[in-house]
Amino acid sequence: MVSKRLSKEQGHQRKFLAIIDDTPECDRAVMYAAMRAAKTGGALTLTYFIEPADFQHWIGVEEIMRAEARDEADGQLARFAQMAREKANLDPEIVIREGKTAEEIVKLIEDDQDIAILVLAAGESSEGPGPLVSSIAGRSAIFPIPVVVVPCSMSDEEIDAVT
């Protein structure tokens, strides 16, 4: 069940959500979301999902892997937050969650009723638009908010022109 979006209510602000991952096209989604948020008086949420480790019987190994994943998340988020500040003069909200990405996206949107638009970027690989876009596309009929997919070939100037 989709919860009501609050982004138009008094004291709330429409948020654009961009998922940070290690794909080369990720920066296009952040650029679009940051510029669109800045131009429309919205906010930007950057989130990184840490997939669960499969080492529960090796607690020490699991803890090391979790710490390394957290360091990677912090580094990636800091880099893209800086990009949003420089390109759109916007200070993004940062969210890190653990769990299966597709499931956690839906949970995050349900938890934060100001999130109104999910922005993804499609890769140019012959294998398809990328794992995240592919997983979301299969669920788009039941997805709780609109999804914008930005082609990875768009330049900053082209993104600026359409935002």
# chains A, B, ... in the order shown; residues from 1 in each chain; ligands from 1
call {"tool": "residues_around", "arguments": {"residues": "A:Gly99", "least_positions_apart": "3", "cutoff": "8 Å", "atoms": "only C-alpha atoms", "output": "PDB file with C-alpha atoms, in the first residue's frame"}}
result
ATOM      1  CA  PHE A  49      22.467   0.439   0.225  1.00  0.00           C
ATOM      2  CA  ILE A  50      24.801  -2.094   1.785  1.00  0.00           C
ATOM      3  CA  GLU A  51      23.830  -5.555   0.657  1.00  0.00           C
ATOM      4  CA  PRO A  52      23.775  -8.136   3.463  1.00  0.00           C
ATOM      5  CA  GLU A 103      13.324  -3.813  -1.096  1.00  0.00           C
ATOM      6  CA  GLU A 104      15.088  -1.081   0.861  1.00  0.00           C
TER       7      GLU A 104
END
call {"tool": "residues_around", "arguments": {"residues": "A:Met83", "least_positions_apart": "6", "cutoff": "9 Å", "atoms": "only C-alpha atoms", "output": "list in words"}}
result
Asp27, Val30, Met31 and Ala34 of chain A
call {"tool": "closest_residue", "arguments": {"among": "A:Val149, A:Met154, A:Cys26, A:Ala116", "to": "A:Gln13", "atoms": "only C-alpha atoms"}}
result
A:Ala116
call {"tool": "select_by_dssp", "arguments": {"residues": "stretch 8-146 of chain A", "states": "alpha helix (DSSP H)", "output": "ChimeraX atom specification"}}
result
/A:26-40,59-88,101-111,131-137
call {"tool": "closest_residue", "arguments": {"among": "A:Gly123, A:Gly41, A:Pro144, A:Gly75", "to": "A:Lys4", "atoms": "only C-alpha atoms"}}
result
A:Pro144
call {"tool": "select_by_dssp", "arguments": {"residues": "chain A", "states": "strand (DSSP E)", "output": "MDAnalysis selection string"}}
result
chainID A and resid 15:20 43:50 93:98 115:122 147:151
call {"tool": "closest_residue", "arguments": {"among": "A:Ala88, A:Tyr32, A:Ile19, A:His12", "to": "A:Ala161", "atoms": "only C-alpha atoms"}}
result
A:Tyr32
call {"tool": "closest_residue", "arguments": {"among": "A:Ile96, A:Ile145, A:Ile105, A:Val150", "to": "A:Glu124", "atoms": "only C-alpha atoms"}}
result
A:Val150
call {"tool": "closest_residue", "arguments": {"among": "A:Asp21, A:Glu158, A:Glu110, A:Glu9", "to": "A:Glu72", "atoms": "only C-alpha atoms"}}
result
A:Asp21
call {"tool": "closest_residue", "arguments": {"among": "A:Ile20, A:Ala122, A:Val106, A:Ile117", "to": "A:Tyr48", "atoms": "only C-alpha atoms"}}
result
A:Ile20
call {"tool": "atom_distance", "arguments": {"atom1": "atom CA of A:Leu44", "atom2": "atom CA of A:Asn89"}}
result
11.0 Å
call {"tool": "residues_around", "arguments": {"residues": "A:Glu93", "least_positions_apart": "2", "cutoff": "9 Å", "atoms": "only C-alpha atoms", "output": "PyMOL selection string"}}
result
chain A and resi 43-47+81+91+95
call {"tool": "write_last_selection", "arguments": {"atoms": "C-alpha atoms", "output": "mmCIF file, in the first residue's frame"}}
result
data_model
loop_
_atom_site.group_PDB
_atom_site.id
_atom_site.type_symbol
_atom_site.label_atom_id
_atom_site.label_comp_id
_atom_site.auth_asym_id
_atom_site.auth_seq_id
_atom_site.Cartn_x
_atom_site.Cartn_y
_atom_site.Cartn_z
ATOM 1 C CA ALA A 43 15.600 18.731 -1.603
ATOM 2 C CA LEU A 44 17.984 15.928 -2.506
ATOM 3 C CA THR A 45 18.409 12.632 -0.694
ATOM 4 C CA LEU A 46 21.420 10.493 -1.565
ATOM 5 C CA THR A 47 21.274 6.924 -0.351
ATOM 6 C CA ALA A 81 27.313 15.179 -1.902
ATOM 7 C CA ASP A 91 23.343 20.241 0.618
ATOM 8 C CA VAL A 95 21.055 7.912 4.103
#
call {"tool": "atom_distance", "arguments": {"atom1": "atom CA of A:Leu17", "atom2": "atom CA of A:Ala73"}}
result
15.9 Å
